[in-house]
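What follows is the content of protein_9.txt (compact mmCIF, C-alpha atoms and all ligand atoms).
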```txt
# COMPACT_ATOMS: atom_id res chain seq x y z
CA MET A 1 210.52 -63.60 -67.94
CA ALA A 2 211.19 -63.70 -64.22
CA LEU A 3 209.76 -66.62 -62.29
CA TRP A 4 207.34 -64.40 -60.31
CA LEU A 5 206.17 -62.86 -63.57
CA ARG A 6 205.58 -66.33 -65.00
CA ARG A 7 203.52 -67.24 -61.88
CA VAL A 8 201.46 -64.08 -62.15
CA SER A 9 200.75 -64.66 -65.84
CA GLN A 10 199.76 -68.28 -65.09
CA LEU A 11 197.38 -67.07 -62.37
CA LEU A 12 195.95 -64.46 -64.71
CA ALA A 13 195.38 -67.08 -67.38
CA VAL A 14 193.56 -69.29 -64.85
CA GLY A 15 191.49 -66.27 -63.80
CA VAL A 16 190.46 -65.50 -67.38
CA VAL A 17 189.51 -69.13 -68.01
CA CYS A 18 187.46 -69.22 -64.77
CA ALA A 19 185.70 -65.94 -65.60
CA ALA A 20 184.91 -67.14 -69.12
CA THR A 21 183.51 -70.39 -67.71
CA LEU A 22 181.42 -68.68 -65.05
CA TRP A 23 180.08 -65.86 -67.29
CA PRO A 24 177.16 -67.86 -68.77
CA PHE A 25 176.10 -68.91 -65.25
CA TYR A 26 176.21 -65.27 -64.14
CA GLN A 27 174.04 -64.29 -67.11
CA VAL A 28 171.44 -66.95 -66.31
CA GLY A 29 171.48 -65.93 -62.65
CA GLN A 30 170.89 -62.28 -63.55
CA GLN A 31 167.99 -63.25 -65.83
CA GLN A 32 166.35 -65.26 -63.07
CA LEU A 33 166.79 -62.44 -60.56
CA THR A 34 165.31 -59.95 -63.04
CA ARG A 35 162.28 -62.16 -63.69
CA SER A 36 161.59 -62.78 -60.02
CA GLU A 37 161.97 -59.07 -59.15
CA GLN A 38 159.58 -58.14 -61.98
CA ALA A 39 157.12 -60.77 -60.70
CA ARG A 40 157.42 -59.30 -57.18
CA ILE A 41 156.59 -55.82 -58.51
CA ASP A 42 153.71 -57.10 -60.69
CA ALA A 43 152.19 -58.96 -57.74
CA GLN A 44 151.73 -55.73 -55.76
CA PRO A 45 148.22 -54.23 -55.86
CA GLY A 46 147.11 -52.21 -58.90
CA VAL A 47 144.56 -49.43 -59.28
CA SER A 48 141.36 -50.07 -57.39
CA ARG A 49 139.63 -46.70 -57.39
CA SER A 50 139.11 -43.97 -59.98
CA SER A 51 137.02 -41.27 -58.32
CA TYR A 52 138.25 -38.98 -55.58
CA GLN A 53 137.66 -35.60 -54.06
CA PRO A 54 140.63 -33.42 -55.02
CA ARG A 55 142.45 -31.94 -52.04
CA LEU A 56 145.19 -30.09 -53.91
CA ASP A 57 144.53 -26.96 -55.97
CA GLN A 58 144.61 -28.68 -59.36
CA LEU A 59 144.06 -25.53 -61.44
CA GLN A 60 147.00 -23.75 -59.83
CA GLN A 61 149.15 -26.87 -60.02
CA THR A 62 148.46 -27.37 -63.73
CA ALA A 63 149.24 -23.69 -64.37
CA ASP A 64 152.55 -23.96 -62.46
CA PHE A 65 153.40 -27.15 -64.37
CA SER A 66 152.76 -25.55 -67.75
CA THR A 67 154.68 -22.37 -66.83
CA LEU A 68 157.77 -24.33 -65.77
CA ALA A 69 157.56 -26.49 -68.91
CA SER A 70 157.01 -23.52 -71.25
CA THR A 71 159.22 -22.68 -74.23
CA GLU A 72 160.11 -19.38 -72.48
CA MET A 73 161.75 -21.32 -69.66
CA ALA A 74 163.39 -23.44 -72.35
CA GLY A 75 164.37 -26.38 -70.20
CA ARG A 76 165.76 -24.32 -67.27
CA ARG A 77 169.44 -25.11 -67.68
CA PRO A 78 171.65 -23.20 -65.20
CA GLY A 79 173.36 -20.31 -66.99
CA GLN A 80 170.70 -20.02 -69.71
CA PRO A 81 167.96 -17.31 -69.78
CA GLY A 82 165.23 -19.90 -69.13
CA SER A 83 166.79 -20.77 -65.79
CA GLU A 84 166.70 -17.10 -64.77
CA LEU A 85 162.97 -16.99 -65.57
CA ALA A 86 162.40 -20.18 -63.54
CA ARG A 87 164.26 -18.64 -60.60
CA GLN A 88 162.10 -15.48 -60.73
CA PHE A 89 159.00 -17.67 -60.89
CA LEU A 90 160.04 -19.77 -57.88
CA GLN A 91 160.94 -16.68 -55.84
CA ARG A 92 157.44 -15.32 -56.54
CA ARG A 93 155.60 -18.59 -55.82
CA PHE A 94 157.51 -19.26 -52.56
CA THR A 95 156.63 -15.72 -51.48
CA GLU A 96 152.94 -16.13 -52.42
CA LEU A 97 152.80 -19.39 -50.49
CA GLY A 98 153.98 -17.58 -47.37
CA LEU A 99 156.71 -20.11 -46.63
CA ILE A 100 159.25 -19.23 -43.95
CA PRO A 101 162.62 -18.35 -45.50
CA ILE A 102 165.56 -20.04 -43.83
CA VAL A 103 167.80 -17.02 -43.66
CA ALA A 104 170.11 -17.83 -40.78
CA ALA A 105 172.59 -20.00 -42.65
CA ALA A 106 175.41 -18.65 -44.76
CA GLY A 107 174.80 -18.17 -48.45
CA THR A 108 171.06 -17.71 -48.26
CA ASP A 109 169.07 -14.67 -49.19
CA GLY A 110 165.43 -15.15 -48.29
CA PHE A 111 164.40 -18.32 -50.07
CA ALA A 112 167.39 -18.41 -52.39
CA GLN A 113 170.60 -20.28 -51.64
CA THR A 114 173.17 -19.33 -54.26
CA TYR A 115 176.25 -21.49 -54.72
CA GLN A 116 179.18 -21.93 -57.05
CA THR A 117 180.24 -25.17 -58.70
CA ASP A 118 183.57 -25.82 -60.37
CA GLY A 119 183.41 -25.19 -64.10
CA GLN A 120 179.64 -24.69 -64.16
CA SER A 121 177.22 -21.80 -63.94
CA ASP A 122 176.15 -20.65 -60.49
CA GLY A 123 173.26 -22.54 -58.99
CA VAL A 124 170.31 -21.36 -56.91
CA ASN A 125 168.16 -23.50 -54.60
CA PHE A 126 164.83 -22.23 -53.22
CA ILE A 127 164.03 -23.30 -49.68
CA GLY A 128 161.03 -22.50 -47.52
CA LYS A 129 159.61 -23.98 -44.34
CA ILE A 130 156.28 -24.66 -42.64
CA ASN A 131 156.61 -25.05 -38.89
CA GLY A 132 155.17 -28.25 -37.44
CA THR A 133 152.78 -28.33 -34.52
CA ALA A 134 155.11 -30.69 -32.62
CA ALA A 135 158.19 -28.50 -32.40
CA GLN A 136 160.48 -31.21 -31.00
CA LEU A 137 160.14 -33.48 -34.04
CA PRO A 138 162.82 -33.52 -36.76
CA ALA A 139 161.78 -32.08 -40.12
CA ILE A 140 160.68 -33.77 -43.33
CA VAL A 141 162.33 -32.29 -46.44
CA VAL A 142 160.35 -32.36 -49.69
CA THR A 143 162.62 -31.90 -52.72
CA ALA A 144 162.13 -31.54 -56.48
CA HIS A 145 164.75 -30.36 -58.97
CA TYR A 146 163.69 -27.53 -61.26
CA ASP A 147 166.66 -27.60 -63.64
CA HIS A 148 166.72 -29.66 -66.82
CA VAL A 149 168.88 -30.05 -69.94
CA GLY A 150 167.82 -26.71 -71.48
CA VAL A 151 168.95 -25.75 -74.97
CA HIS A 152 171.65 -28.15 -76.05
CA GLN A 153 173.19 -28.41 -79.53
CA ASP A 154 170.39 -26.22 -80.95
CA ARG A 155 167.67 -28.45 -79.57
CA MET A 156 165.40 -27.49 -76.69
CA PHE A 157 164.67 -30.04 -73.97
CA PRO A 158 161.69 -28.59 -72.08
CA GLY A 159 161.77 -31.15 -69.25
CA ALA A 160 158.05 -31.18 -68.53
CA ASP A 161 157.82 -34.55 -66.83
CA ASP A 162 161.49 -34.20 -65.75
CA ASN A 163 160.91 -32.25 -63.60
CA ALA A 164 158.46 -29.39 -64.00
CA SER A 165 155.93 -31.97 -62.80
CA GLY A 166 157.70 -32.56 -59.49
CA VAL A 167 158.21 -28.85 -58.76
CA ALA A 168 154.55 -27.98 -59.45
CA ALA A 169 153.52 -30.85 -57.14
CA LEU A 170 155.88 -29.53 -54.45
CA LEU A 171 154.23 -26.09 -54.68
CA ALA A 172 150.74 -27.63 -54.47
CA LEU A 173 151.73 -29.69 -51.43
CA ALA A 174 153.18 -26.60 -49.74
CA ALA A 175 149.87 -24.75 -50.28
CA TYR A 176 147.95 -27.69 -48.80
CA PHE A 177 150.09 -27.88 -45.66
CA GLN A 178 149.91 -24.13 -45.13
CA ALA A 179 146.15 -24.66 -44.74
CA HIS A 180 146.47 -27.97 -42.82
CA PRO A 181 149.43 -27.65 -40.41
CA PRO A 182 151.56 -30.81 -40.15
CA ARG A 183 153.06 -32.29 -36.95
CA HIS A 184 156.59 -32.39 -38.37
CA SER A 185 158.06 -29.20 -39.75
CA LEU A 186 158.15 -29.42 -43.55
CA ILE A 187 161.00 -27.95 -45.55
CA PHE A 188 160.30 -27.47 -49.26
CA ALA A 189 163.39 -27.30 -51.48
CA ALA A 190 163.28 -26.71 -55.25
CA VAL A 191 166.85 -27.56 -56.15
CA ASP A 192 169.13 -26.78 -59.09
CA HIS A 193 171.77 -28.74 -61.05
CA GLU A 194 170.30 -32.22 -60.61
CA GLU A 195 171.00 -33.04 -64.24
CA GLN A 196 174.65 -32.00 -63.95
CA GLY A 197 175.74 -33.80 -60.80
CA MET A 198 173.09 -33.13 -58.14
CA HIS A 199 175.05 -30.12 -56.95
CA GLY A 200 171.94 -28.34 -55.66
CA SER A 201 170.89 -31.04 -53.22
CA LYS A 202 174.51 -31.56 -52.12
CA GLN A 203 174.73 -27.82 -51.39
CA LEU A 204 171.83 -28.07 -48.94
CA PHE A 205 174.33 -29.84 -46.70
CA ALA A 206 177.63 -28.35 -47.87
CA GLY A 207 176.22 -24.89 -47.16
CA LYS A 208 175.25 -26.08 -43.63
CA LEU A 209 171.71 -25.04 -44.37
CA LEU A 210 170.42 -28.46 -43.30
CA GLN A 211 171.84 -30.60 -40.49
CA PRO A 212 171.35 -34.33 -41.20
CA LYS A 213 170.61 -35.16 -37.55
CA GLN A 214 167.74 -32.68 -37.48
CA LEU A 215 165.98 -34.35 -40.40
CA ALA A 216 163.57 -37.27 -40.23
CA LEU A 217 163.15 -38.01 -43.92
CA ASN A 218 163.58 -36.76 -47.48
CA VAL A 219 160.61 -37.12 -49.82
CA ASN A 220 161.93 -36.55 -53.34
CA LEU A 221 159.66 -35.92 -56.34
CA ASP A 222 161.08 -36.42 -59.83
CA MET A 223 158.93 -37.28 -62.89
CA LEU A 224 155.28 -37.63 -61.92
CA SER A 225 153.19 -37.01 -65.01
CA ARG A 226 153.49 -39.88 -67.48
CA ASP A 227 151.10 -42.80 -67.33
CA THR A 228 152.89 -46.12 -67.85
CA LYS A 229 150.30 -48.71 -66.83
CA ALA A 230 149.25 -46.22 -64.12
CA GLN A 231 152.40 -46.99 -62.15
CA LEU A 232 154.05 -44.81 -59.53
CA PHE A 233 157.16 -46.12 -57.80
CA ALA A 234 158.08 -45.48 -54.20
CA VAL A 235 161.81 -46.09 -53.99
CA GLY A 236 163.54 -46.64 -50.66
CA THR A 237 161.62 -49.37 -48.87
CA TYR A 238 164.53 -51.76 -49.46
CA GLN A 239 166.97 -49.43 -47.69
CA TYR A 240 164.45 -48.47 -45.00
CA PRO A 241 162.16 -51.47 -44.40
CA ALA A 242 160.25 -49.56 -41.71
CA LEU A 243 158.76 -47.46 -44.53
CA LEU A 244 156.77 -50.48 -45.71
CA PRO A 245 154.14 -50.70 -42.95
CA LEU A 246 153.79 -46.90 -43.13
CA LEU A 247 153.14 -46.80 -46.88
CA GLN A 248 151.41 -50.14 -47.52
CA PRO A 249 147.95 -48.79 -46.59
CA LEU A 250 148.29 -46.56 -49.69
CA GLN A 251 148.42 -49.58 -51.98
CA GLN A 252 144.88 -50.48 -50.97
CA GLY A 253 142.18 -48.34 -52.53
CA SER A 254 144.77 -46.54 -54.62
CA LEU A 255 144.15 -44.17 -57.54
CA VAL A 256 147.43 -45.29 -59.10
CA ALA A 257 149.37 -48.55 -58.95
CA LEU A 258 151.83 -47.69 -56.19
CA LYS A 259 154.78 -50.08 -56.45
CA PHE A 260 157.71 -50.57 -54.11
CA GLY A 261 160.87 -51.29 -56.10
CA HIS A 262 163.74 -50.01 -58.20
CA ASP A 263 165.81 -49.81 -55.03
CA ARG A 264 167.49 -53.23 -54.97
CA PRO A 265 171.07 -53.95 -56.01
CA ALA A 266 171.84 -56.27 -58.96
CA ALA A 267 172.63 -59.12 -56.57
CA VAL A 268 168.98 -59.04 -55.46
CA ALA A 269 167.07 -57.65 -58.46
CA GLY A 270 169.19 -58.62 -61.48
CA ARG A 271 168.81 -56.08 -64.26
CA VAL A 272 165.81 -54.21 -62.86
CA GLN A 273 167.22 -50.68 -62.60
CA ASP A 274 168.29 -49.46 -59.18
CA TRP A 275 167.18 -45.83 -58.74
CA SER A 276 168.37 -45.40 -55.17
CA ASP A 277 171.00 -42.91 -56.31
CA ALA A 278 169.26 -41.67 -59.45
CA SER A 279 168.06 -38.29 -58.21
CA ASP A 280 168.45 -35.85 -55.31
CA HIS A 281 167.40 -38.37 -52.65
CA GLY A 282 170.89 -39.85 -53.19
CA SER A 283 172.40 -36.71 -51.65
CA PHE A 284 170.29 -37.24 -48.52
CA ALA A 285 171.17 -40.94 -48.29
CA LYS A 286 174.89 -40.05 -48.38
CA GLU A 287 174.30 -37.84 -45.34
CA GLY A 288 172.53 -40.68 -43.52
CA VAL A 289 169.05 -39.20 -43.97
CA PRO A 290 166.33 -41.76 -44.85
CA PHE A 291 164.53 -41.13 -48.12
CA VAL A 292 161.55 -42.12 -50.17
CA TYR A 293 161.58 -41.14 -53.82
CA PHE A 294 158.38 -40.99 -55.90
CA GLY A 295 158.61 -41.23 -59.69
CA VAL A 296 157.15 -42.91 -62.75
CA PRO A 297 158.99 -45.40 -65.00
CA ASP A 298 161.14 -44.10 -67.85
CA HIS A 299 159.21 -43.42 -71.08
CA PRO A 300 160.21 -42.79 -74.72
CA ASP A 301 160.26 -38.99 -74.22
CA TYR A 302 162.62 -39.22 -71.23
CA HIS A 303 165.48 -36.72 -71.81
CA GLN A 304 164.15 -35.93 -75.28
CA PRO A 305 162.93 -32.64 -76.82
CA THR A 306 159.51 -34.32 -76.80
CA ASP A 307 159.20 -34.27 -73.00
CA THR A 308 156.56 -31.53 -73.30
CA PHE A 309 153.61 -30.37 -71.21
CA GLU A 310 151.26 -31.42 -74.04
CA ARG A 311 152.40 -35.04 -73.71
CA ALA A 312 151.82 -35.21 -69.95
CA ASP A 313 148.88 -37.26 -68.69
CA ILE A 314 147.27 -34.56 -66.57
CA GLY A 315 144.52 -36.69 -65.03
CA PHE A 316 147.07 -39.30 -63.98
CA TYR A 317 149.43 -36.57 -62.72
CA HIS A 318 146.78 -35.28 -60.33
CA LYS A 319 146.08 -38.78 -59.05
CA VAL A 320 149.81 -39.27 -58.47
CA SER A 321 149.99 -35.96 -56.60
CA ASP A 322 147.00 -36.93 -54.45
CA THR A 323 148.68 -40.26 -53.63
CA ILE A 324 151.86 -38.43 -52.58
CA LEU A 325 149.76 -36.11 -50.39
CA SER A 326 148.27 -39.20 -48.71
CA ALA A 327 151.79 -40.57 -48.24
CA LEU A 328 152.96 -37.36 -46.58
CA LEU A 329 149.92 -37.34 -44.29
CA LEU A 330 150.62 -40.95 -43.23
CA LEU A 331 154.33 -40.26 -42.74
CA ASP A 332 153.60 -37.09 -40.75
CA GLN A 333 151.46 -39.09 -38.31
CA ALA A 334 154.15 -41.78 -37.86
CA ASP A 335 157.12 -42.08 -35.54
CA LEU A 336 159.82 -41.61 -38.19
CA SER A 337 162.69 -42.36 -35.81
CA VAL A 338 162.06 -46.05 -36.63
CA LEU A 339 163.45 -45.49 -40.14
CA ARG A 340 167.00 -45.17 -38.89
CA LEU A 341 166.85 -48.31 -36.73
CA GLU A 342 167.26 -50.73 -39.64
CA THR A 343 168.92 -49.58 -42.84
CA LYS A 344 170.46 -51.37 -45.80
CA ARG A 345 172.83 -49.61 -48.17
ZN ZN A 401 164.83 -35.54 -63.07
```
As structure tokens, how would this structure be written, given the file I've shared?
Amino acid sequence: MALWLRRVSQLLAVGVVCAATLWPFYQVGQQQLTRSEQARIDAQPGVSRSSYQPRLDQLQQTADFSTLASTEMAGRRPGQPGSELARQFLQRRFTELGLIPIVAAAGTDGFAQTYQTDGQSDGVNFIGKINGTAAQLPAIVVTAHYDHVGVHQDRMFPGADDNASGVAALLALAAYFQAHPPRHSLIFAAVDHEEQGMHGSKQLFAGKLLQPKQLALNVNLDMLSRDTKAQLFAVGTYQYPALLPLLQPLQQGSLVALKFGHDRPAAVAGRVQDWSDASDHGSFAKEGVPFVYFGVPDHPDYHQPTDTFERADIGFYHKVSDTILSALLLLDQADLSVLRLETKR
């Protein structure tokens, strides 16, 4: 063995001994961080109100939710017949809502942006806009993925909570803002291929359909209909601390327990999962666009054939949707340029 090789192997041996010695301390540290992060989340306000006057069209929203989660749409996997049905449905609903198609950019046909991905079936995003009353303001983009796992190894994954729930909420919010014009322009995007690499949301930028500098914020909706201790997470306040004073009023007098979390790295939050790249908002963050992601905690039916419409908690789902409407109304009134002033990634 050459001398330098001997030195390297000695150093490696020291490194292994050090790592083995430090490992238990790392484990204890992670446990402590996990406990304190959980305590921080638990200490945030819970539900304080149960009655409310619905502002969204709940009948239509429930119907859209059940249609997208139906066995005919069979989990909406790109390339399978159920996805084609979901695409026809979204084309019809975007048309009925009277959204403005963004037709100028390459690769779009009305609401539909078709794209190719290597080794996978073609994808289609649906994008429609509502013009804001303050034309100079950058737009807010509301996203929800409509694809899911589909039929896989002879089992059907209907993807009701994940993410028929988010798409039906997106449609209900679009209907609301058509009747109550926002200050910021709102772009509604039902995107494809989230489950297979977030290709749909990446294509919004790759296809030059959206310009990051012309966007104020992404509001991503993914999994809204399952009641786990009435919790709804807003993810992104760690990366964009200026979101906190904008959204904190929602925690008071809330229909659901709105919690800020699941956005901190392991060095801060231990083993509490970090969802800051877990869905399409990650594609916006990579482009430098601030995001807030709304979603419920994982549940036993997550990515299982049992994620069905029948298992959704419809009353809770409507309260979640109403809370997200309130969030959008607060955000629309705010100066969103503050979000980019201080960011942590
Ligand atoms: Zn999802």
What are the nearest atom pairs, with distances in Å to one decimal, for all residues of chain A that come at most 7 Å from ligand ZN 401 (chain A), using all atoms listed in the file, set out by chain and rising residue number as CSV?
```
residue,atom,partner,partner_atom,distance
A:His145,CA,A:ZN401,ZN,6.6
A:Asp162,CA,A:ZN401,ZN,4.5
A:Asn163,CA,A:ZN401,ZN,5.1
A:Glu194,CA,A:ZN401,ZN,6.9
A:Glu195,CA,A:ZN401,ZN,6.8
A:Asp222,CA,A:ZN401,ZN,5.0
A:Met223,CA,A:ZN401,ZN,6.2
A:Ser279,CA,A:ZN401,ZN,6.5
```
Coordinates-based distance that separates atom CA of A:Leu330 from atom CA of A:Asp277 (Å, one decimal):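 Straight-line distance from atom CA of A:Asp277 to atom CA of A:Leu330 works out to 24.3 Å.
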Report as a ChimeraX atom specification all protein, DNA and RNA residues lying within 12 Å of A:Asp301, evaluated on only C-alpha atoms, omitting residues in the same chain fewer than 4 positions from it. /A:157-162,223,225-226,297,305-312
Nearest candidate to A:Gln116 (options A:Asp298, A:Asp322, A:Asp192, A:Asp280; using only C-alpha atoms): A:Asp192
Considering only C-alpha atoms, return as a list in words whatever protein or nucleic-acid residues lie within 9 Å of stretch 233-238 of chain A, sequence-local ones (same chain, fewer than 5 positions apart) excluded.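 These residues fall inside the cut-off: Leu243, Leu244, Leu247, Ala257, Leu258, Lys259, Phe260, Gly261, His262, Asp263, Arg264, Asp274, Trp275, Ser276, Pro290, Phe291, Val292, Tyr293, Phe294, Gly295, Val296, Pro297, Thr343, Lys344 and Arg345 of chain A.
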Residue neighbourhood stretch 123-139 of chain A, 7 Å, only C-alpha atoms, exclusion window fewer than 3 positions, as an MDAnalysis selection string: chainID A and resid 78 94 99:102 111:116 178 181:193 200 214:216
Who sits within 7 Å of stretch 169-175 of chain A, all atoms listed in the file, same chain under 6 positions skipped, as a VMD selection string: chain A and resid 56 to 57 61 97 144 321 325
Pick from A:Pro300, A:Gly282, A:Gly315, A:Gly288: nearest to A:His199, with only C-alpha atoms counted?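 Under the stated criterion, the closest residue is A:Gly282.
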With all heavy atoms as the target, complete stretch 307-316 of chain A and hand it back as a PDB file, in the coordinates of the input.
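selection-v1.pdb, written as the output of this step:
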```pdb
ATOM      1  N   ASP A 307     159.747 -34.238 -74.361  1.00  0.00           N
ATOM      2  CA  ASP A 307     159.200 -34.270 -73.000  1.00  0.00           C
ATOM      3  C   ASP A 307     158.498 -32.936 -72.748  1.00  0.00           C
ATOM      4  O   ASP A 307     159.019 -32.051 -72.071  1.00  0.00           O
ATOM      5  CB  ASP A 307     160.309 -34.522 -71.975  1.00  0.00           C
ATOM      6  CG  ASP A 307     159.785 -34.532 -70.542  1.00  0.00           C
ATOM      7  OD1 ASP A 307     158.546 -34.544 -70.356  1.00  0.00           O
ATOM      8  OD2 ASP A 307     160.606 -34.512 -69.606  1.00  0.00           O
ATOM      9  N   THR A 308     157.294 -32.805 -73.330  1.00  0.00           N
ATOM     10  CA  THR A 308     156.560 -31.530 -73.300  1.00  0.00           C
ATOM     11  C   THR A 308     155.334 -31.617 -72.386  1.00  0.00           C
ATOM     12  O   THR A 308     154.847 -32.711 -72.073  1.00  0.00           O
ATOM     13  CB  THR A 308     156.053 -31.163 -74.711  1.00  0.00           C
ATOM     14  OG1 THR A 308     155.185 -32.215 -75.163  1.00  0.00           O
ATOM     15  CG2 THR A 308     157.202 -31.001 -75.685  1.00  0.00           C
ATOM     16  N   PHE A 309     154.839 -30.448 -72.020  1.00  0.00           N
ATOM     17  CA  PHE A 309     153.610 -30.370 -71.210  1.00  0.00           C
ATOM     18  C   PHE A 309     152.447 -31.048 -71.935  1.00  0.00           C
ATOM     19  O   PHE A 309     151.638 -31.736 -71.315  1.00  0.00           O
ATOM     20  CB  PHE A 309     153.295 -28.891 -70.935  1.00  0.00           C
ATOM     21  CG  PHE A 309     151.977 -28.676 -70.249  1.00  0.00           C
ATOM     22  CD1 PHE A 309     151.836 -28.939 -68.896  1.00  0.00           C
ATOM     23  CD2 PHE A 309     150.874 -28.207 -70.954  1.00  0.00           C
ATOM     24  CE1 PHE A 309     150.616 -28.755 -68.260  1.00  0.00           C
ATOM     25  CE2 PHE A 309     149.656 -28.012 -70.332  1.00  0.00           C
ATOM     26  CZ  PHE A 309     149.529 -28.284 -68.976  1.00  0.00           C
ATOM     27  N   GLU A 310     152.379 -30.858 -73.259  1.00  0.00           N
ATOM     28  CA  GLU A 310     151.260 -31.420 -74.040  1.00  0.00           C
ATOM     29  C   GLU A 310     151.231 -32.951 -73.950  1.00  0.00           C
ATOM     30  O   GLU A 310     150.175 -33.560 -74.063  1.00  0.00           O
ATOM     31  CB  GLU A 310     151.359 -31.002 -75.512  1.00  0.00           C
ATOM     32  CG  GLU A 310     151.026 -29.536 -75.768  1.00  0.00           C
ATOM     33  CD  GLU A 310     152.072 -28.572 -75.222  1.00  0.00           C
ATOM     34  OE1 GLU A 310     153.266 -28.973 -75.123  1.00  0.00           O
ATOM     35  OE2 GLU A 310     151.712 -27.440 -74.868  1.00  0.00           O
ATOM     36  N   ARG A 311     152.363 -33.567 -73.762  1.00  0.00           N
ATOM     37  CA  ARG A 311     152.400 -35.040 -73.710  1.00  0.00           C
ATOM     38  C   ARG A 311     152.170 -35.596 -72.311  1.00  0.00           C
ATOM     39  O   ARG A 311     152.129 -36.807 -72.117  1.00  0.00           O
ATOM     40  CB  ARG A 311     153.741 -35.542 -74.242  1.00  0.00           C
ATOM     41  CG  ARG A 311     153.878 -35.308 -75.725  1.00  0.00           C
ATOM     42  CD  ARG A 311     154.839 -36.287 -76.350  1.00  0.00           C
ATOM     43  NE  ARG A 311     154.890 -36.053 -77.788  1.00  0.00           N
ATOM     44  CZ  ARG A 311     155.472 -36.850 -78.651  1.00  0.00           C
ATOM     45  NH1 ARG A 311     156.052 -37.951 -78.237  1.00  0.00           N
ATOM     46  NH2 ARG A 311     155.470 -36.572 -79.928  1.00  0.00           N
ATOM     47  N   ALA A 312     152.070 -34.728 -71.324  1.00  0.00           N
ATOM     48  CA  ALA A 312     151.820 -35.210 -69.950  1.00  0.00           C
ATOM     49  C   ALA A 312     150.397 -35.740 -69.840  1.00  0.00           C
ATOM     50  O   ALA A 312     149.503 -35.291 -70.551  1.00  0.00           O
ATOM     51  CB  ALA A 312     152.039 -34.069 -68.968  1.00  0.00           C
ATOM     52  N   ASP A 313     150.211 -36.706 -68.968  1.00  0.00           N
ATOM     53  CA  ASP A 313     148.880 -37.260 -68.690  1.00  0.00           C
ATOM     54  C   ASP A 313     148.354 -36.548 -67.443  1.00  0.00           C
ATOM     55  O   ASP A 313     148.615 -36.971 -66.308  1.00  0.00           O
ATOM     56  CB  ASP A 313     148.980 -38.766 -68.476  1.00  0.00           C
ATOM     57  CG  ASP A 313     149.545 -39.466 -69.699  1.00  0.00           C
ATOM     58  OD1 ASP A 313     148.939 -39.342 -70.772  1.00  0.00           O
ATOM     59  OD2 ASP A 313     150.609 -40.107 -69.589  1.00  0.00           O
ATOM     60  N   ILE A 314     147.611 -35.455 -67.678  1.00  0.00           N
ATOM     61  CA  ILE A 314     147.270 -34.560 -66.570  1.00  0.00           C
ATOM     62  C   ILE A 314     146.373 -35.228 -65.525  1.00  0.00           C
ATOM     63  O   ILE A 314     146.572 -35.055 -64.318  1.00  0.00           O
ATOM     64  CB  ILE A 314     146.619 -33.258 -67.112  1.00  0.00           C
ATOM     65  CG1 ILE A 314     147.656 -32.451 -67.914  1.00  0.00           C
ATOM     66  CG2 ILE A 314     146.071 -32.410 -65.987  1.00  0.00           C
ATOM     67  CD1 ILE A 314     148.813 -31.908 -67.088  1.00  0.00           C
ATOM     68  N   GLY A 315     145.399 -36.005 -65.991  1.00  0.00           N
ATOM     69  CA  GLY A 315     144.520 -36.690 -65.030  1.00  0.00           C
ATOM     70  C   GLY A 315     145.318 -37.629 -64.132  1.00  0.00           C
ATOM     71  O   GLY A 315     145.136 -37.655 -62.902  1.00  0.00           O
ATOM     72  N   PHE A 316     146.215 -38.382 -64.735  1.00  0.00           N
ATOM     73  CA  PHE A 316     147.070 -39.300 -63.980  1.00  0.00           C
ATOM     74  C   PHE A 316     147.988 -38.517 -63.028  1.00  0.00           C
ATOM     75  O   PHE A 316     148.182 -38.891 -61.865  1.00  0.00           O
ATOM     76  CB  PHE A 316     147.906 -40.125 -64.974  1.00  0.00           C
ATOM     77  CG  PHE A 316     148.978 -40.968 -64.340  1.00  0.00           C
ATOM     78  CD1 PHE A 316     148.657 -42.123 -63.635  1.00  0.00           C
ATOM     79  CD2 PHE A 316     150.313 -40.609 -64.453  1.00  0.00           C
ATOM     80  CE1 PHE A 316     149.649 -42.898 -63.046  1.00  0.00           C
ATOM     81  CE2 PHE A 316     151.309 -41.383 -63.869  1.00  0.00           C
ATOM     82  CZ  PHE A 316     150.980 -42.530 -63.168  1.00  0.00           C
TER      83      PHE A 316
END
```
